[in-house]
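Asker: Pasting a structure here, questions to come.
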Amino acid sequence: MSKNNETQDLRVVAEGIRLVTLQTLANIGFGHVGGAMSIVETLAALYGGELRSDPHNPQWRERDRLVMSKGHAGPALYATLCLRGFYPKEVLLELNQGGGSLPSHCDMNKTIGIDMTTGSLGQGMSTAIGLALGARLDNIDNYTYLILGDGECNEGQVWEGAMFAAHHKLDKLITFIDWNKQQLDGFTNDILDIGDIAEKFKAFGWHSQTVDGHDPGRIKAAITDAKRYKDAPSAIILDTIKGYGCNFAEAIAGNHHMNFTKEQIDSAIEDASQKLEYVRELAQHKKGDK
Amino acid sequence: MFTIHEAFEKNPKMMRETYCDTLIELALENENIIALDADLVSSSGMKPFFQRFPDRAFNCGVAEANMIGIAAGLSAMGKIPFAHTFGCFASRRVCDQIMISAAYAKQNVRIVGTDPGVTAAYNGGTHMPFEDMGVLRSIPEIILLEPTDNVMLADLLKQLAELKGVYYIRMARKNAVSIYQEGSNFHIGRGNTLIDGNDVTIFSSGIMVHEALKAAAILQTDKISARVVDMFTWKPIDTELIDNCARITGAFVTAENHNIIGGLGSAVAEAAALVRPVPIEMVGIKDRFGQVGTEDFLRTEYELTASDIVAAAKRVTDRKG
């Protein structure tokens, strides 16, 4: 398949994830909309082919691991796992339901397909390192993917881990930083300016790239590049917009966690459906061209 | 089953040497055993392990939070990590990492916190954990142990190589008084009754076990029959034993090298209150910070001696009425 076609297919995957995420959130009327929307294209690049997993054997030892350290983006990952076939769509109704399998933050003991429990920010860096280190000790030929928020990089633990991963040359640890420029209380530049994240990781000894975080084709290319780079962990800074593709969230600041009306979410779902239809047609068209 | 010595003397072998030797022994049999440290490998006595298994030992540098998270991640890959540092940093500094990455995520992690309470001596107040067990005790499902001597430490470590869950081991680093004879083994979650007695039960652990035994001998001369229990598991606390001791003796003294708030005294009192309330006196740190000094100075300063236990036993037997 040509790269162009592949990118179009990943766009279809991404818009599918966005739509299902919104439908999932619609059931409860509130949630971490902003950070779920901004990470959709990365999840598409991963679960659209890069990340090795088997929905029929979720505990497959040789699988790649994903640590969603910004655990509040759970709903986007739940939608992704559902579309990838880890569980049927009815399960999505369990989001934030007492006794259900989909808590607001990712839990490896409650949800099929989740590799690590997260939610207390900063901790995913270290657990991902442990997963990568454990795989290396057992000569498992896999990758460990880690998704950090930009606000999360306020946590000192992130940088403790950054030092450790570089020192131990964990080149099979690929970390995405969702640089959506906002944290709970406002813009990262106003709350606690993290400066140049790419340069920071570089200074910590990481291979560091910055890509358009809403272009799954470019994200995939960045992963390919990261895999070629040896003897250092890789950071991929995702230049994103918080709330991207959700019409009532993208337009406003303070969209980290929000309540929304039925009209708002219906409109966002309608938009996302149309976008999905559009990219689907475009993908078909590209294939037709060929 | 366990047997205790007739006379109690300091073991010439340091606890940390037993720790390292036992871990090497376990690692030879089980390739999943991993050691982690936070720039205290020399203090923890783990250099021989690090030299023997360079691929399975990680010095994480002065970054304890990262160390605990890595341990949890390693566990998720089927490894059995033992992470060690001073008790203050192995508990209060990494409480959230132990809570979320290890316990809540249901991983298998062993955390060894050394230099409990006054044994931190010259490192002083910043390094003197009077609160480590208290900080961790409210984390669900965690198991808290304070091994008494080298024999118990080695036996517990062997068990921990097989068991599931999150364990905190509060370990004296230097020379402990030998209480148990070689070949003794121990049930996690059950206290050991070292001396039978009818008037008062003294619950103790760690360095306070020897003090409790000395106190019992002194009380004997005063015609007070003291039962001595080594309560090396602080959580889960042995409620059945507490119930039995309350029925038999009707009064308790707890003796701990820890703040009495949140510590062994609290655990025993909570359990007794639910099953069979009896008068209790607590020997331990009375909500104070640590300070520098010799261990002997600190034991006196914080009232952790056999005579403090004797005085508490007399007070509590008087309260029985």
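Chain identifiers are assigned as A, B, and so on, following the order in which chains appear in the structure tokens; residues are numbered from 1 within each chain, and ligands are numbered from 1 in order of appearance.
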Near chain A, which residues of chain B fall within 7 Å when you count only C-alpha atoms, and what do they look like as an mmCIF file with all heavy atoms, in the first residue's frame?
Answerer:
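Final output, saved to part.cif:
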data_model
loop_
_atom_site.group_PDB
_atom_site.id
_atom_site.type_symbol
_atom_site.label_atom_id
_atom_site.label_comp_id
_atom_site.auth_asym_id
_atom_site.auth_seq_id
_atom_site.Cartn_x
_atom_site.Cartn_y
_atom_site.Cartn_z
ATOM 1 N N CYS B 60 19.210 2.973 40.911
ATOM 2 C CA CYS B 60 18.356 3.979 40.272
ATOM 3 C C CYS B 60 18.819 5.403 40.565
ATOM 4 O O CYS B 60 18.178 6.362 40.125
ATOM 5 C CB CYS B 60 16.911 3.815 40.743
ATOM 6 S SG CYS B 60 16.256 2.184 40.341
ATOM 7 N N ALA B 63 16.603 8.629 43.334
ATOM 8 C CA ALA B 63 15.315 8.828 42.660
ATOM 9 C C ALA B 63 14.384 7.692 43.089
ATOM 10 O O ALA B 63 14.107 6.758 42.343
ATOM 11 C CB ALA B 63 15.520 8.826 41.143
ATOM 12 N N ALA B 65 11.135 7.558 43.864
ATOM 13 C CA ALA B 65 9.820 7.406 43.241
ATOM 14 C C ALA B 65 9.942 6.604 41.957
ATOM 15 O O ALA B 65 9.161 5.676 41.694
ATOM 16 C CB ALA B 65 9.216 8.784 42.955
ATOM 17 N N ASN B 66 10.954 6.951 41.175
ATOM 18 C CA ASN B 66 11.193 6.223 39.928
ATOM 19 C C ASN B 66 11.504 4.756 40.223
ATOM 20 O O ASN B 66 11.023 3.859 39.526
ATOM 21 C CB ASN B 66 12.344 6.886 39.169
ATOM 22 C CG ASN B 66 12.543 6.311 37.788
ATOM 23 O OD1 ASN B 66 11.597 6.122 37.029
ATOM 24 N ND2 ASN B 66 13.786 6.035 37.440
ATOM 25 N N GLY B 69 8.314 2.808 40.899
ATOM 26 C CA GLY B 69 7.561 2.645 39.658
ATOM 27 C C GLY B 69 8.193 1.596 38.758
ATOM 28 O O GLY B 69 7.491 0.764 38.162
ATOM 29 N N ILE B 70 9.509 1.625 38.660
ATOM 30 C CA ILE B 70 10.207 0.616 37.841
ATOM 31 C C ILE B 70 9.953 -0.773 38.417
ATOM 32 O O ILE B 70 9.696 -1.726 37.674
ATOM 33 C CB ILE B 70 11.722 0.924 37.773
ATOM 34 C CG1 ILE B 70 11.963 2.191 36.949
ATOM 35 C CG2 ILE B 70 12.485 -0.248 37.158
ATOM 36 C CD1 ILE B 70 13.415 2.667 36.943
ATOM 37 N N ALA B 71 10.007 -0.871 39.735
ATOM 38 C CA ALA B 71 9.738 -2.161 40.377
ATOM 39 C C ALA B 71 8.352 -2.666 39.985
ATOM 40 O O ALA B 71 8.174 -3.847 39.658
ATOM 41 C CB ALA B 71 9.851 -2.033 41.892
ATOM 42 N N ALA B 72 7.371 -1.767 39.972
ATOM 43 C CA ALA B 72 6.007 -2.166 39.606
ATOM 44 C C ALA B 72 5.955 -2.617 38.145
ATOM 45 O O ALA B 72 5.315 -3.625 37.817
ATOM 46 C CB ALA B 72 5.039 -1.006 39.846
ATOM 47 N N GLY B 73 6.630 -1.892 37.274
ATOM 48 C CA GLY B 73 6.656 -2.268 35.859
ATOM 49 C C GLY B 73 7.347 -3.611 35.657
ATOM 50 O O GLY B 73 6.889 -4.457 34.870
ATOM 51 N N LEU B 74 8.441 -3.827 36.365
ATOM 52 C CA LEU B 74 9.140 -5.115 36.277
ATOM 53 C C LEU B 74 8.227 -6.242 36.735
ATOM 54 O O LEU B 74 8.188 -7.322 36.134
ATOM 55 C CB LEU B 74 10.405 -5.087 37.148
ATOM 56 C CG LEU B 74 11.601 -4.319 36.574
ATOM 57 C CD1 LEU B 74 12.641 -4.057 37.671
ATOM 58 C CD2 LEU B 74 12.240 -5.081 35.413
ATOM 59 N N ALA B 76 5.049 -6.313 36.502
ATOM 60 C CA ALA B 76 4.046 -6.569 35.455
ATOM 61 C C ALA B 76 4.632 -7.431 34.333
ATOM 62 O O ALA B 76 3.886 -8.010 33.541
ATOM 63 C CB ALA B 76 3.521 -5.248 34.897
ATOM 64 N N MET B 77 5.955 -7.533 34.270
ATOM 65 C CA MET B 77 6.606 -8.428 33.306
ATOM 66 C C MET B 77 6.987 -9.757 33.963
ATOM 67 O O MET B 77 7.756 -10.536 33.401
ATOM 68 C CB MET B 77 7.850 -7.770 32.716
ATOM 69 C CG MET B 77 7.560 -6.588 31.804
ATOM 70 S SD MET B 77 6.516 -6.969 30.372
ATOM 71 C CE MET B 77 7.594 -8.006 29.396
ATOM 72 N N GLN B 97 3.589 6.219 45.027
ATOM 73 C CA GLN B 97 4.037 5.202 44.065
ATOM 74 C C GLN B 97 3.723 3.794 44.589
ATOM 75 O O GLN B 97 3.328 2.912 43.825
ATOM 76 C CB GLN B 97 5.542 5.347 43.800
ATOM 77 C CG GLN B 97 5.912 6.524 42.907
ATOM 78 C CD GLN B 97 5.793 7.876 43.598
ATOM 79 O OE1 GLN B 97 5.822 7.969 44.829
ATOM 80 N NE2 GLN B 97 5.655 8.933 42.815
ATOM 81 N N SER B 101 1.122 2.602 41.767
ATOM 82 C CA SER B 101 1.836 1.742 40.799
ATOM 83 C C SER B 101 1.980 0.313 41.317
ATOM 84 O O SER B 101 1.965 -0.628 40.533
ATOM 85 C CB SER B 101 3.220 2.322 40.488
ATOM 86 O OG SER B 101 3.107 3.540 39.776
ATOM 87 N N ALA B 105 -2.355 -1.319 41.551
ATOM 88 C CA ALA B 105 -2.174 -2.067 40.294
ATOM 89 C C ALA B 105 -1.989 -3.563 40.540
ATOM 90 O O ALA B 105 -1.812 -4.325 39.598
ATOM 91 C CB ALA B 105 -0.986 -1.502 39.520
#
Asker: Neighbours of Thr85 (chain B) within 9 Å (only C-alpha atoms; same-chain residues fewer than 4 positions away dropped), as a count of residues only?
Answerer: 15
Asker: For region 153-169 of chain B, please output as JSON, numbers by chain all residues within 8 Å (counting only C-alpha atoms; exclusion window: fewer than 5 positions along the same chain).
Answerer: {"B": [15, 18, 19, 22, 23, 26, 33, 80, 102, 103, 106, 107, 108, 109, 110, 111, 112, 113, 141, 142, 143, 144, 145, 146, 147, 148, 184, 185, 186, 188]}
Asker: Between A:Leu25, A:Ala251, A:Ile114, A:Leu51, single out the one closest to Pro75 (chain A), counting only C-alpha atoms.
Answerer: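 Looking only at the distances to Pro75 (chain A), the closest residue turns out to be A:Leu25.
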Asker: Per DSSP on the backbone, what are the helix (DSSP H, G or I) residues of region 31-94 of chain B, as a ChimeraX atom specification?
Answerer: /B:41-44,47-52,54-56,64-76,87-94
Asker: I'd like the contact shell of Lys314 (chain B) - 9 Å cut-off, only C-alpha atoms, skipping same-chain residues fewer than 5 positions apart - returned as a PDB file with C-alpha atoms, in the first residue's frame.
Answerer:
ATOM      1  CA  LEU B 219       8.467  -8.251  86.121  1.00  0.00           C
ATOM      2  CA  ILE B 224       3.945 -10.057  87.572  1.00  0.00           C
ATOM      3  CA  ILE B 309       8.131  -1.462  79.484  1.00  0.00           C
ATOM      4  CA  ARG B 319      -5.678  -0.258  85.651  1.00  0.00           C
TER       5      ARG B 319
END
Asker: Calculate how many Å separate CA of Ala215 (chain B) from CA of Arg288 (chain B), rounding to one decimal.
Answerer: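 These atoms are spaced 23.8 Å apart.
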Asker: With only C-alpha atoms as the counted atoms, please give the residues lying no more than 7 Å from Leu66 (chain A), apart from itself and same-chain residues fewer than 6 positions off, as a PyMOL selection string.
Answerer: chain A and resi 115+144-146
Asker: Write to file, as a compact mmCIF listing (two decimals), in the first residue's frame, the residues of the selection just made, with C-alpha atoms.
Answerer:
# COMPACT_ATOMS: atom_id res chain seq x y z
CA ASP A 115 -1.25 -2.86 30.21
CA THR A 144 6.93 -0.26 25.15
CA TYR A 145 4.94 2.84 24.25
CA LEU A 146 4.27 5.55 26.78
Asker: Residues of region 209-280 of chain B classed as strand (DSSP E) by DSSP on the backbone are to be reported as a list in words.
Answerer: Ala226, Arg227, Val228, Val229, Asp230, Thr233, Trp234, Lys235, Phe252, Val253, Thr254, Ala255, Glu256, Asn257, His258, Asn259 and Ile280 of chain B
Asker: As a list in words, please: the residues near region 191-198 of chain A (cut-off 10 Å, only C-alpha atoms, same-chain neighbours under 3 positions excluded).
Answerer: Asp150, Gly151, Glu152, Cys153, Asn154, Ile177, Trp179, Lys181, Gln182, Gln183, Leu184, Asp185, Gly186, Phe187, Thr188, Phe201, Lys202, Ala203, Phe204, Trp206, His207, Ser208, Gln209, Thr210, Ala235, Ile236, Ile237 and Leu238 of chain A
Asker: Return the single residue from A:Leu92, A:Ala76, A:Met258, A:Ile265 that is closest to Ala14 (chain A), with distances computed using only C-alpha atoms.
Answerer: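 Distance minimum relative to Ala14 (chain A) lands on A:Ala76.
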Asker: Rank nothing, just name the residue among B:Met99, B:Ile202, B:Val253, B:Ala271 nearest to Thr239 (chain B), using only C-alpha atoms.
Answerer: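 Using only C-alpha atoms, Thr239 (chain B) sits closest to B:Ala271.
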Asker: Expressed in Å to a single decimal, how great is the separation between CA of Tyr143 (chain A) and CA of Glu50 (chain A)?
Answerer: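 Interatomic distance here is 9.8 Å.
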Asker: Do a neighbour search on Val177 (chain B) at 8 Å with only C-alpha atoms, toss out local chain neighbours closer than 3 positions, and write the hits as a list in words.
Answerer: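 My reading of the contact set: Phe8, Glu9, Lys10, Asn11, Asp149, Ile207 and His210 of chain B.
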Asker: Here is a test: counting only C-alpha atoms, which residue of A:Ser69, A:Thr7, A:Ser101, A:Thr24 is nearest to Leu148 (chain A)?
Answerer: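 Once distances to Leu148 (chain A) are computed over only C-alpha atoms, the minimum belongs to A:Ser69.
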Asker: Any idea what the distance is between CA of Phe58 (chain B) and CA of Ala83 (chain B)?
Answerer: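 It comes out at 9.3 Å.
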